[in-house]
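Just protein-v3.cif here, mmCIF, C-alpha atoms and all ligand atoms:
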```cif
data_entry
loop_
_atom_site.label_atom_id
_atom_site.label_comp_id
_atom_site.auth_asym_id
_atom_site.auth_seq_id
_atom_site.Cartn_x
_atom_site.Cartn_y
_atom_site.Cartn_z
CA MET U 1 -38.38 148.93 -110.81
CA THR U 2 -39.92 146.80 -113.54
CA LYS U 3 -38.49 143.45 -114.44
CA SER U 4 -37.30 144.61 -117.91
CA ILE U 5 -35.46 147.63 -116.51
CA SER U 6 -33.75 145.57 -113.83
CA PHE U 7 -32.78 142.98 -116.45
CA LEU U 8 -31.34 145.76 -118.62
CA ILE U 9 -29.25 147.09 -115.74
CA PHE U 10 -28.19 143.56 -114.96
CA SER U 11 -27.17 142.94 -118.60
CA VAL U 12 -25.08 146.12 -118.63
CA LEU U 13 -23.37 144.95 -115.45
CA LEU U 14 -22.52 141.57 -116.80
CA PHE U 15 -21.18 142.65 -120.18
CA GLY U 16 -18.47 144.34 -118.18
CA CYS U 17 -17.51 140.96 -116.66
CA GLU U 18 -14.49 138.95 -117.75
CA ILE U 19 -15.80 135.54 -118.82
CA GLU U 20 -13.61 132.50 -118.20
CA LYS U 21 -12.74 130.93 -121.57
CA PRO U 22 -11.98 127.22 -121.90
CA LYS U 23 -8.82 126.11 -123.65
CA LEU U 24 -9.64 123.24 -125.97
CA SER U 25 -7.40 120.24 -125.35
CA LEU U 26 -9.00 117.54 -127.55
CA ASN U 27 -6.09 115.24 -126.79
CA VAL U 28 -8.22 112.20 -126.12
CA ASP U 29 -5.69 109.48 -126.57
CA LYS U 30 -2.68 110.93 -124.85
CA LYS U 31 -1.37 108.72 -122.10
CA GLU U 32 -1.10 111.60 -119.66
CA ASN U 33 -4.89 111.83 -119.46
CA LYS U 34 -5.23 108.33 -118.02
CA ALA U 35 -5.82 108.18 -114.28
CA LYS U 36 -4.86 105.38 -111.93
CA ASN U 37 -7.23 106.79 -109.31
CA ILE U 38 -10.36 108.95 -109.56
CA ILE U 39 -11.88 110.60 -106.50
CA ILE U 40 -15.10 112.59 -106.88
CA MET U 41 -16.50 114.52 -103.92
CA ILE U 42 -20.12 115.70 -104.09
CA ALA U 43 -21.55 118.27 -101.67
CA ASP U 44 -25.23 117.50 -102.14
CA GLY U 45 -27.34 120.64 -102.56
CA CYS U 46 -24.35 122.99 -102.57
CA GLY U 47 -24.36 126.08 -104.78
CA TYR U 48 -21.82 128.89 -105.08
CA ASN U 49 -23.60 130.79 -102.30
CA HIS U 50 -23.32 127.88 -99.87
CA ILE U 51 -19.55 127.89 -100.37
CA ASP U 52 -19.45 131.67 -99.83
CA ALA U 53 -21.47 131.33 -96.61
CA ALA U 54 -19.18 128.63 -95.20
CA ASN U 55 -16.11 130.64 -96.23
CA TYR U 56 -17.33 133.78 -94.47
CA TYR U 57 -18.15 131.82 -91.33
CA SER U 58 -14.96 129.74 -91.25
CA ASN U 59 -12.41 132.22 -92.60
CA GLY U 60 -14.06 135.64 -92.90
CA LYS U 61 -13.25 135.81 -96.60
CA LEU U 62 -14.22 134.42 -99.99
CA LYS U 63 -12.28 131.89 -102.09
CA SER U 64 -10.63 130.41 -99.03
CA GLN U 65 -11.22 126.74 -99.80
CA ILE U 66 -8.34 124.74 -101.20
CA TYR U 67 -10.49 123.60 -104.14
CA GLU U 68 -11.33 127.17 -105.13
CA SER U 69 -7.74 127.54 -106.29
CA PHE U 70 -7.68 124.30 -108.31
CA PRO U 71 -6.56 124.86 -111.93
CA VAL U 72 -9.89 123.77 -113.42
CA HIS U 73 -13.21 125.39 -112.55
CA PHE U 74 -16.48 125.27 -114.49
CA PRO U 75 -20.10 125.96 -113.63
CA VAL U 76 -22.33 122.93 -114.18
CA CYS U 77 -25.88 122.70 -115.54
CA THR U 78 -27.86 120.19 -113.48
CA SER U 79 -31.09 119.84 -115.44
CA PRO U 80 -32.39 116.26 -115.84
CA ALA U 81 -33.59 114.67 -119.08
CA MET U 82 -37.10 114.59 -117.68
CA SER U 83 -38.46 116.19 -114.54
CA GLY U 84 -41.55 115.82 -112.41
CA LYS U 85 -42.64 113.14 -110.04
CA PHE U 86 -42.30 109.62 -111.39
CA LYS U 87 -45.67 107.90 -111.88
CA THR U 88 -47.50 110.36 -109.61
CA GLU U 89 -48.10 113.13 -112.14
CA LEU U 90 -49.63 113.20 -115.60
CA GLY U 91 -46.38 112.12 -117.18
CA LEU U 92 -42.95 113.57 -116.77
CA SER U 93 -42.16 116.84 -118.48
CA TRP U 94 -39.31 117.41 -120.90
CA GLN U 95 -37.71 120.16 -118.85
CA ASN U 96 -34.24 119.44 -120.07
CA GLY U 97 -32.41 122.66 -120.63
CA TYR U 98 -30.82 125.60 -118.88
CA ASN U 99 -31.92 129.14 -119.63
CA SER U 100 -29.21 131.67 -119.00
CA GLY U 101 -31.59 134.59 -119.45
CA LEU U 102 -34.37 133.41 -117.17
CA THR U 103 -32.04 132.20 -114.44
CA TYR U 104 -31.14 135.81 -113.58
CA SER U 105 -34.40 137.52 -114.48
CA ASP U 106 -37.12 135.10 -113.37
CA SER U 107 -37.08 133.82 -109.80
CA VAL U 108 -40.00 131.50 -110.61
CA TRP U 109 -38.05 129.79 -113.40
CA ARG U 110 -35.21 129.05 -111.01
CA ASN U 111 -37.59 126.88 -109.00
CA LEU U 112 -39.33 125.25 -111.92
CA ALA U 113 -38.94 121.45 -112.26
CA PRO U 114 -35.35 121.19 -111.03
CA THR U 115 -33.34 117.96 -110.93
CA GLY U 116 -33.34 115.50 -108.03
CA SER U 117 -30.34 113.76 -106.55
CA GLY U 118 -31.11 110.47 -108.35
CA ALA U 119 -31.13 111.98 -111.85
CA ALA U 120 -28.15 114.21 -111.04
CA ALA U 121 -26.01 111.46 -109.51
CA THR U 122 -26.90 109.06 -112.32
CA ALA U 123 -25.79 111.68 -114.87
CA ILE U 124 -22.50 112.14 -113.01
CA ALA U 125 -21.96 108.40 -112.47
CA SER U 126 -22.89 107.20 -115.97
CA GLY U 127 -22.39 110.16 -118.30
CA ARG U 128 -26.07 110.12 -119.34
CA LYS U 129 -28.90 112.41 -118.26
CA THR U 130 -32.06 110.67 -117.14
CA TYR U 131 -35.42 111.23 -115.44
CA ASN U 132 -35.89 112.50 -111.91
CA ALA U 133 -35.92 109.70 -109.31
CA SER U 134 -33.93 107.32 -111.52
CA ILE U 135 -31.18 105.34 -109.86
CA GLY U 136 -28.71 104.23 -112.53
CA MET U 137 -31.43 103.78 -115.21
CA ASP U 138 -32.00 105.61 -118.50
CA ILE U 139 -35.37 107.06 -119.49
CA TYR U 140 -36.35 103.71 -121.06
CA PHE U 141 -35.52 101.90 -117.79
CA ASN U 142 -32.36 100.27 -119.09
CA PRO U 143 -29.51 100.09 -116.58
CA LEU U 144 -26.62 102.51 -117.12
CA LYS U 145 -23.07 101.46 -116.25
CA SER U 146 -21.52 103.64 -113.56
CA ILE U 147 -17.93 104.77 -113.34
CA ALA U 148 -17.61 102.73 -110.12
CA GLU U 149 -18.72 99.60 -112.00
CA LYS U 150 -16.32 100.45 -114.84
CA ALA U 151 -13.47 100.75 -112.33
CA LYS U 152 -14.25 97.26 -111.02
CA GLU U 153 -14.30 95.90 -114.60
CA LEU U 154 -10.79 97.28 -115.04
CA GLY U 155 -9.57 95.44 -111.95
CA LYS U 156 -9.51 98.54 -109.78
CA SER U 157 -11.11 98.89 -106.36
CA ALA U 158 -14.21 101.04 -105.82
CA GLY U 159 -15.78 102.72 -102.84
CA LEU U 160 -18.67 104.96 -101.81
CA VAL U 161 -18.71 107.11 -98.66
CA THR U 162 -21.56 109.35 -97.48
CA SER U 163 -22.82 111.22 -94.43
CA VAL U 164 -26.44 110.12 -95.14
CA PRO U 165 -27.82 106.59 -95.69
CA PHE U 166 -25.63 104.60 -98.07
CA SER U 167 -28.76 103.58 -100.00
CA HIS U 168 -29.72 107.22 -100.56
CA ALA U 169 -29.86 108.55 -104.14
CA THR U 170 -26.30 109.82 -104.61
CA PRO U 171 -24.26 106.76 -103.54
CA ALA U 172 -27.00 104.43 -104.83
CA SER U 173 -26.61 105.79 -108.37
CA PHE U 174 -23.01 104.53 -108.47
CA ALA U 175 -23.75 100.94 -107.42
CA SER U 176 -27.37 100.04 -108.12
CA HIS U 177 -30.09 100.27 -110.74
CA ASN U 178 -33.68 100.96 -109.80
CA VAL U 179 -36.62 102.71 -111.43
CA HIS U 180 -37.19 104.80 -108.29
CA ARG U 181 -34.92 106.18 -105.60
CA ASN U 182 -37.51 105.54 -102.89
CA ASN U 183 -37.16 101.74 -103.25
CA TYR U 184 -34.57 101.87 -100.48
CA GLU U 185 -34.82 98.22 -99.45
CA GLU U 186 -34.17 96.91 -102.98
CA ILE U 187 -31.40 99.45 -103.51
CA ALA U 188 -29.67 98.58 -100.22
CA ARG U 189 -29.80 94.85 -101.01
CA GLU U 190 -28.32 95.42 -104.48
CA MET U 191 -25.55 97.58 -103.04
CA ILE U 192 -24.62 95.16 -100.26
CA LYS U 193 -24.51 92.27 -102.74
CA SER U 194 -22.51 94.36 -105.26
CA ASN U 195 -18.77 94.10 -105.83
CA MET U 196 -18.09 97.58 -104.37
CA ASP U 197 -15.13 97.20 -102.00
CA ILE U 198 -16.23 99.97 -99.66
CA ILE U 199 -19.72 101.14 -98.74
CA PHE U 200 -19.63 103.58 -95.81
CA GLY U 201 -22.75 105.49 -94.84
CA CYS U 202 -25.66 105.88 -92.43
CA GLY U 203 -28.88 103.94 -92.06
CA HIS U 204 -28.23 101.78 -88.97
CA PRO U 205 -31.61 100.36 -87.94
CA ASP U 206 -30.83 99.95 -84.23
CA TYR U 207 -29.95 103.59 -83.49
CA ASN U 208 -31.82 106.88 -83.73
CA ASP U 209 -30.56 110.21 -85.04
CA ASP U 210 -28.91 110.93 -81.66
CA GLY U 211 -27.02 107.65 -81.66
CA LYS U 212 -29.27 106.14 -78.95
CA ARG U 213 -30.69 102.62 -79.10
CA GLU U 214 -33.91 102.63 -81.12
CA GLU U 215 -36.95 100.87 -79.59
CA SER U 216 -38.60 100.18 -82.94
CA PRO U 217 -35.88 99.68 -85.55
CA ASP U 218 -36.37 100.99 -89.09
CA TYR U 219 -34.74 98.56 -91.55
CA LYS U 220 -35.61 100.54 -94.69
CA TYR U 221 -32.09 101.78 -95.43
CA VAL U 222 -30.42 98.38 -94.93
CA GLY U 223 -32.56 96.12 -97.11
CA GLY U 224 -35.51 95.29 -94.85
CA GLU U 225 -35.75 93.38 -91.57
CA LYS U 226 -35.31 89.83 -92.89
CA PHE U 227 -32.41 90.70 -95.20
CA TRP U 228 -30.65 92.61 -92.42
CA ASN U 229 -31.09 89.86 -89.84
CA ASP U 230 -29.72 87.34 -92.34
CA PHE U 231 -26.82 89.67 -93.09
CA ILE U 232 -25.77 90.09 -89.47
CA SER U 233 -26.16 86.39 -88.78
CA GLY U 234 -23.56 85.54 -91.41
CA ASN U 235 -25.23 85.59 -94.82
CA ASN U 236 -23.14 88.61 -95.65
CA TYR U 237 -22.09 88.17 -99.32
CA GLY U 238 -18.44 88.34 -98.28
CA ARG U 239 -18.92 91.81 -96.80
CA LYS U 240 -17.67 92.59 -93.31
CA LEU U 241 -19.65 94.99 -91.11
CA ILE U 242 -17.99 97.71 -89.04
CA THR U 243 -19.96 100.19 -86.92
CA LYS U 244 -17.73 101.70 -84.22
CA GLN U 245 -15.58 104.79 -84.60
CA SER U 246 -12.69 102.76 -83.19
CA GLU U 247 -13.12 100.17 -85.95
CA PHE U 248 -12.82 102.89 -88.61
CA GLU U 249 -9.69 104.19 -86.81
CA LYS U 250 -8.18 100.72 -86.62
CA LEU U 251 -8.75 100.08 -90.32
CA LEU U 252 -7.20 103.41 -91.18
CA LEU U 253 -3.88 102.13 -89.80
CA ASN U 254 -4.31 98.46 -90.69
CA PRO U 255 -6.35 98.32 -93.88
CA SER U 256 -8.51 95.29 -94.48
CA GLU U 257 -8.67 93.20 -97.61
CA ASP U 258 -12.34 92.38 -96.99
CA ARG U 259 -15.21 94.06 -98.72
CA LEU U 260 -16.69 96.37 -96.11
CA LEU U 261 -19.98 97.85 -95.02
CA GLY U 262 -19.23 100.74 -92.64
CA LEU U 263 -22.44 101.63 -90.85
CA PRO U 264 -21.91 104.10 -87.98
CA ARG U 265 -24.19 103.66 -84.97
CA ILE U 266 -26.61 106.36 -86.07
CA HIS U 267 -29.75 106.38 -88.20
CA SER U 268 -30.10 108.93 -90.98
CA THR U 269 -27.12 111.33 -90.80
CA LEU U 270 -23.80 111.48 -88.98
CA GLN U 271 -24.61 114.74 -87.15
CA ALA U 272 -27.05 116.91 -89.13
CA ALA U 273 -30.24 115.29 -87.81
CA ARG U 274 -29.20 115.30 -84.12
CA GLY U 275 -31.54 116.88 -81.57
CA GLY U 276 -31.16 120.29 -79.96
CA ASP U 277 -31.95 123.65 -81.49
CA VAL U 278 -31.79 123.06 -85.23
CA ASN U 279 -31.64 126.81 -85.82
CA ALA U 280 -28.67 127.41 -83.53
CA ASP U 281 -25.45 128.86 -84.92
CA PRO U 282 -22.85 126.32 -86.10
CA ASN U 283 -21.16 124.19 -83.39
CA GLN U 284 -23.47 125.41 -80.59
CA VAL U 285 -25.32 122.12 -80.18
CA PRO U 286 -22.81 119.48 -78.97
CA PHE U 287 -21.92 116.86 -81.58
CA ILE U 288 -22.78 113.23 -80.87
CA LYS U 289 -19.72 111.48 -79.50
CA ASP U 290 -18.08 108.37 -80.95
CA ILE U 291 -19.59 108.81 -84.40
CA PRO U 292 -16.94 108.82 -87.15
CA THR U 293 -16.61 112.02 -89.17
CA LEU U 294 -16.86 112.12 -92.96
CA LYS U 295 -13.14 112.83 -92.91
CA LEU U 296 -12.32 109.71 -90.89
CA MET U 297 -14.59 107.52 -93.03
CA SER U 298 -12.99 108.90 -96.21
CA SER U 299 -9.43 108.43 -94.91
CA THR U 300 -10.23 104.83 -93.96
CA ALA U 301 -11.70 104.27 -97.42
CA LEU U 302 -8.55 105.68 -99.05
CA SER U 303 -6.17 103.54 -97.03
CA THR U 304 -8.20 100.44 -97.86
CA LEU U 305 -8.80 101.13 -101.57
CA SER U 306 -5.25 102.23 -102.30
CA GLN U 307 -3.92 98.76 -101.51
CA ASN U 308 -4.92 97.77 -105.05
CA PRO U 309 -1.89 98.30 -107.35
CA LYS U 310 -4.29 98.92 -110.27
CA GLY U 311 -5.83 101.92 -108.51
CA PHE U 312 -9.34 102.82 -107.44
CA PHE U 313 -12.47 104.92 -107.84
CA LEU U 314 -13.92 106.66 -104.77
CA MET U 315 -17.06 108.80 -104.41
CA ILE U 316 -17.41 110.85 -101.22
CA GLU U 317 -20.71 112.63 -100.53
CA GLY U 318 -21.43 115.40 -98.05
CA GLY U 319 -25.08 114.40 -98.20
CA ALA U 320 -26.58 116.50 -95.42
CA VAL U 321 -25.64 119.89 -96.89
CA ASP U 322 -28.81 119.22 -98.90
CA TRP U 323 -30.85 118.12 -95.89
CA ALA U 324 -30.00 121.23 -93.86
CA SER U 325 -30.70 123.39 -96.92
CA HIS U 326 -34.14 121.82 -97.45
CA SER U 327 -34.90 122.82 -93.86
CA ASN U 328 -33.29 126.27 -94.30
CA GLN U 329 -31.02 125.67 -91.30
CA ASN U 330 -28.12 128.12 -91.49
CA GLY U 331 -26.03 126.63 -88.70
CA ARG U 332 -26.41 123.00 -89.69
CA MET U 333 -25.77 123.73 -93.38
CA ILE U 334 -22.51 125.45 -92.48
CA GLU U 335 -21.51 122.60 -90.12
CA GLU U 336 -22.11 120.07 -92.89
CA LEU U 337 -20.23 122.03 -95.54
CA LYS U 338 -17.39 122.67 -93.10
CA SER U 339 -17.14 118.93 -92.48
CA PHE U 340 -17.12 118.36 -96.27
CA ASN U 341 -14.44 121.05 -96.74
CA GLU U 342 -12.25 119.47 -94.04
CA THR U 343 -12.65 116.15 -95.81
CA VAL U 344 -11.50 117.74 -99.09
CA GLU U 345 -8.40 119.06 -97.34
CA SER U 346 -7.53 115.64 -95.98
CA VAL U 347 -8.08 114.03 -99.41
CA VAL U 348 -5.75 116.59 -101.02
CA LYS U 349 -3.13 115.80 -98.36
CA TRP U 350 -3.56 112.09 -98.96
CA ILE U 351 -2.99 112.55 -102.71
CA GLU U 352 0.13 114.64 -102.14
CA LEU U 353 1.59 112.22 -99.56
CA ASN U 354 0.55 108.85 -100.94
CA SER U 355 -0.12 109.39 -104.63
CA SER U 356 0.37 112.34 -107.00
CA TRP U 357 -1.56 114.66 -109.30
CA GLU U 358 0.05 112.77 -112.22
CA GLU U 359 -1.83 109.58 -111.36
CA THR U 360 -4.95 110.82 -109.52
CA LEU U 361 -7.88 112.95 -110.69
CA LEU U 362 -9.80 114.81 -107.97
CA ILE U 363 -13.18 116.40 -108.74
CA ILE U 364 -15.10 118.55 -106.24
CA THR U 365 -18.69 119.34 -107.20
CA ALA U 366 -22.37 119.24 -106.22
CA ASP U 367 -25.47 117.66 -107.72
CA HIS U 368 -27.75 120.73 -107.61
CA GLU U 369 -28.39 123.80 -105.49
CA THR U 370 -30.90 123.52 -102.64
CA GLY U 371 -32.75 126.31 -100.82
CA TYR U 372 -32.17 129.10 -103.36
CA LEU U 373 -29.69 130.69 -101.00
CA THR U 374 -28.89 134.36 -101.71
CA GLY U 375 -27.88 137.59 -100.04
CA ILE U 376 -30.55 139.62 -98.31
CA ASN U 377 -30.96 142.25 -101.03
CA GLY U 378 -32.87 140.34 -103.67
CA TYR U 379 -32.56 137.18 -105.73
CA ASN U 380 -29.31 138.16 -107.45
CA SER U 381 -27.61 139.64 -104.39
CA ASN U 382 -24.44 138.26 -102.85
CA ILE U 383 -24.13 136.92 -99.31
CA GLN U 384 -22.39 139.38 -97.02
CA SER U 385 -19.81 138.67 -94.36
CA ASN U 386 -20.31 139.54 -90.72
CA GLY U 387 -16.78 138.43 -89.90
CA LYS U 388 -15.17 135.09 -89.10
CA GLY U 389 -17.19 133.05 -86.62
CA SER U 390 -20.45 134.92 -87.30
CA LEU U 391 -23.27 133.86 -89.55
CA PRO U 392 -23.14 135.91 -92.73
CA SER U 393 -26.17 137.91 -93.95
CA MET U 394 -28.05 135.51 -96.19
CA THR U 395 -31.55 134.30 -96.89
CA TRP U 396 -33.24 131.16 -98.17
CA ASN U 397 -35.82 131.61 -100.93
CA SER U 398 -37.00 128.01 -101.25
CA MET U 399 -37.14 124.68 -99.41
CA HIS U 400 -36.41 122.73 -102.58
CA HIS U 401 -33.84 122.28 -105.33
CA THR U 402 -33.26 125.00 -107.94
CA ASN U 403 -32.02 125.30 -111.52
CA VAL U 404 -29.03 127.54 -110.86
CA LEU U 405 -25.58 126.48 -112.07
CA ILE U 406 -23.42 124.78 -109.47
CA PRO U 407 -19.61 124.71 -109.30
CA LEU U 408 -17.07 122.07 -110.32
CA TYR U 409 -13.39 122.22 -109.39
CA ALA U 410 -10.84 119.71 -110.62
CA LYS U 411 -7.15 118.99 -110.27
CA GLY U 412 -4.86 116.23 -111.43
CA VAL U 413 -4.53 113.91 -114.38
CA GLY U 414 -7.29 114.37 -116.96
CA SER U 415 -8.74 117.50 -115.36
CA ASN U 416 -7.88 119.50 -118.50
CA LEU U 417 -10.40 117.38 -120.44
CA PHE U 418 -13.28 119.37 -118.96
CA ASP U 419 -12.26 122.19 -121.32
CA ASP U 420 -13.49 120.13 -124.28
CA TYR U 421 -17.02 120.03 -122.91
CA ALA U 422 -17.42 123.69 -121.93
CA ASP U 423 -19.19 124.79 -125.10
CA GLU U 424 -22.28 126.47 -123.65
CA ILE U 425 -22.17 129.98 -122.25
CA ASP U 426 -23.95 131.51 -119.27
CA SER U 427 -24.45 135.27 -119.37
CA LEU U 428 -22.88 135.73 -115.94
CA ARG U 429 -20.63 132.75 -115.22
CA GLY U 430 -19.25 132.10 -118.71
CA TYR U 431 -18.56 128.73 -120.31
CA PHE U 432 -20.24 125.85 -118.51
CA ILE U 433 -20.55 122.07 -118.74
CA GLN U 434 -23.41 119.58 -118.27
CA ASN U 435 -23.47 117.27 -115.22
CA SER U 436 -23.44 114.22 -117.53
CA GLU U 437 -20.12 115.47 -118.94
CA ILE U 438 -18.52 114.92 -115.53
CA GLY U 439 -19.20 111.21 -116.06
CA GLN U 440 -17.93 111.39 -119.63
CA VAL U 441 -14.63 112.88 -118.48
CA MET U 442 -14.27 110.19 -115.80
CA PHE U 443 -14.94 107.39 -118.34
CA ARG U 444 -12.39 108.89 -120.74
CA THR U 445 -9.83 109.27 -117.99
CA ILE U 446 -10.14 105.92 -116.23
CA VAL U 447 -9.68 103.66 -119.29
CA ARG U 448 -6.06 102.84 -119.71
ZN ZN E 501 -32.48 117.40 -101.86
#
```
How does this structure look as structure tokens?
Amino acid sequence: MTKSISFLIFSVLLFGCEIEKPKLSLNVDKKENKAKNIIIMIADGCGYNHIDAANYYSNGKLKSQIYESFPVHFPVCTSPAMSGKFKTELGLSWQNGYNSGLTYSDSVWRNLAPTGSGAAATAIASGRKTYNASIGMDIYFNPLKSIAEKAKELGKSAGLVTSVPFSHATPASFASHNVHRNNYEEIAREMIKSNMDIIFGCGHPDYNDDGKREESPDYKYVGGEKFWNDFISGNNYGRKLITKQSEFEKLLLNPSEDRLLGLPRIHSTLQAARGGDVNADPNQVPFIKDIPTLKLMSSTALSTLSQNPKGFFLMIEGGAVDWASHSNQNGRMIEELKSFNETVESVVKWIELNSSWEETLLIITADHETGYLTGINGYNSNIQSNGKGSLPSMTWNSMHHTNVLIPLYAKGVGSNLFDDYADEIDSLRGYFIQNSEIGQVMFRTIVR
């Protein structure tokens, strides 16, 4: 079948679809849109198909995640302001749009110059699109204020939690400003010195990816050897270090008033980079013991941050969904997304028990799709279930990021504001928003 015929058939199929229409709210100044607390959860590298795969494996059916029934859902365009490799290519290219036609008809376009986590997280954190590899900087290399920094300005608390190194692109974009995401040492130093109340993530220099003592420590993720040695010998910028699972558990019950660095005794990821057969089905390779889960780290962050009567901002990243997707590892991707999904459930419970949807905004989203995950019958095919507990039928078509739209789900105060931004239309998924507009909604919502 030629490309034009298949596109024609595809067009006929989609004109039969019911497209979700936004309801314009445009009620900017109403008090009910102001949030005491904002929690954004980012599954790095997670597209719609990743969610379907985890749903089939965990529950045997689609739409079985709590967030998939949230009242607000929009697809998100992830394209950066400028793409390419910073300073290593003949200039960055202005690949700054989304093409609803090509995304379903041209598999090459889907892979062309996609965003990176730095540009995507900066857009989410600041409300401005930027160049690939940026950490909290605009295309002219001026620092952009993040929503976490804004929360601190307003007297709120702020925290960042991730399952990959805390100085990695996504958390870094909320609490540091650097021309390039690979400047880990500078980024880590800026974050540790920052006024963020909570920084929980990986990168411990003294342990390897299996949680064993490391013979030759790698200090890259924690600011370099000298900075780290100074930090642990007391020059800690008022930030207390915790590393043991039991310390996270203790703080969950007895929250601290200190600024914290939570650095589990593991190097680059909580569990995704552990040894054993990386292509095994989910949960077949034993998990490393005594390493806190993303759920525990997030719960500890919530109990600490919520002590502030003015409220808080919290970003939680399931960072290794992306890492497993880059490596096309079915089992590990599902493990990581499952851990993220369990964390979402516990956050929802926390809101309902300790706060309310009238004072808290919860956003669940991704930064881009990774691995071009599809069903096995072509680029536009759906993943198919093989029953609960079995890997679904799916295939990876790339080891990199792609341009496909990714999902956003929201619930709570201010979540209706996303309607105002959903002015662009995708031929299949309907009205969509830009990733920078996630930041714009958070800035509108958090200012009281
Ligand atoms: Zn990635």
Quiz item: Separation of atom CA of U:Asn354 and atom CA of U:Lys411, in Å?
Solution: 15.8 Å
Per-residue nearest contacts of chain U to ligand ZN 501 (chain E) (7 Å; only C-alpha atoms and all ligand atoms) as JSON lines:
```
{"residue": "U:Gly45", "atom": "CA", "partner": "E:ZN501", "partner_atom": "ZN", "distance": 6.1}
{"residue": "U:Gly116", "atom": "CA", "partner": "E:ZN501", "partner_atom": "ZN", "distance": 6.5}
{"residue": "U:Ser117", "atom": "CA", "partner": "E:ZN501", "partner_atom": "ZN", "distance": 6.3}
{"residue": "U:Asp322", "atom": "CA", "partner": "E:ZN501", "partner_atom": "ZN", "distance": 5.1}
{"residue": "U:Trp323", "atom": "CA", "partner": "E:ZN501", "partner_atom": "ZN", "distance": 6.2}
{"residue": "U:His326", "atom": "CA", "partner": "E:ZN501", "partner_atom": "ZN", "distance": 6.5}
{"residue": "U:Thr370", "atom": "CA", "partner": "E:ZN501", "partner_atom": "ZN", "distance": 6.4}
{"residue": "U:His400", "atom": "CA", "partner": "E:ZN501", "partner_atom": "ZN", "distance": 6.7}
{"residue": "U:His401", "atom": "CA", "partner": "E:ZN501", "partner_atom": "ZN", "distance": 6.1}
```
Quiz prompt | Among listed residues U:His177, U:His50, U:His73, U:Lys150, nearest U:Ala121 (using all atoms listed in the file) | solution =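 Of U:His177, U:His50, U:His73, U:Lys150, the one nearest U:Ala121, counting all atoms listed in the file, is U:His177.
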Centre, x/y/z edge lengths, axis-aligned box for stretch 196-211 of chain U with 5 Å per side, as JSON:
```
{"center_x": -23.5, "center_y": 104.1, "center_z": -93.0, "size_x": 26.7, "size_y": 23.7, "size_z": 32.7}
```
For the contact check between stretch 187-226 of chain U and stretch 129-138 of chain U, emit one row per residue of stretch 187-226 of chain U within 12 Å, containing the shortest atom pair and the distance in Å rounded to one decimal, counting all atoms listed in the file, chain then rising number order, as a Markdown table.
```
| residue | atom | partner | partner_atom | distance |
| --- | --- | --- | --- | --- |
| U:Ile187 | CA | U:Ile135 | CA | 8.7 |
| U:Ala188 | CA | U:Ile135 | CA | 11.9 |
| U:Glu190 | CA | U:Ile135 | CA | 11.6 |
| U:Met191 | CA | U:Ile135 | CA | 11.8 |
```
With the cut-off set at 9 Å and counting all atoms listed in the file, tabulate each residue of stretch 147-238 of chain U with an atom at most that distance from an atom of stretch 307-311 of chain U, showing the nearest atom pair and its distance in Å to one decimal, ordered by chain and increasing number, as JSON lines.
```
{"residue": "U:Ala151", "atom": "CA", "partner": "U:Gly311", "partner_atom": "CA", "distance": 8.6}
{"residue": "U:Leu154", "atom": "CA", "partner": "U:Lys310", "partner_atom": "CA", "distance": 8.2}
{"residue": "U:Gly155", "atom": "CA", "partner": "U:Lys310", "partner_atom": "CA", "distance": 6.5}
{"residue": "U:Lys156", "atom": "CA", "partner": "U:Gly311", "partner_atom": "CA", "distance": 5.2}
{"residue": "U:Ser157", "atom": "CA", "partner": "U:Asn308", "partner_atom": "CA", "distance": 6.4}
{"residue": "U:Ala158", "atom": "CA", "partner": "U:Gly311", "partner_atom": "CA", "distance": 8.8}
```
Quiz item: Rounded to one decimal in Å, what is the spacing between atom CA of U:Ser298 and atom CA of U:Leu261?
Solution: 13.1 Å
Practice problem: May I ask which of the residues U:Met333, U:Met41, U:Val441, U:Cys202 is the closest one to U:Asn283, counting all atoms listed in the file? | Solution: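 Distance minimum relative to U:Asn283 lands on U:Met333.
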Self-check item: Between atom CA of U:Leu296 and atom CA of U:Lys244 - distance in Å to one decimal
Solution: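 According to the coordinates, atom CA of U:Lys244 and atom CA of U:Leu296 are separated by 11.7 Å.
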Practice problem: For U:Lys212, list every protein, DNA or RNA residue within 9 Å, evaluated using all atoms listed in the file, and leave out those in the same chain fewer than 6 positions away; present the list as a PyMOL selection string. | Solution: chain U and resi 206+265-266
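Using all atoms listed in the file for every distance, the candidate list U:Trp357, U:Phe74, U:Phe200, U:Tyr48 yields U:Phe200 as the residue closest to U:Gln245.
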Self-check item: Residues within 12 Å of U:Phe70, only C-alpha atoms, excluding chain neighbours under 3 positions, as a ChimeraX atom specification
Solution: /U:63-67,73-74,344,348,357,361-364,407-412,415-416
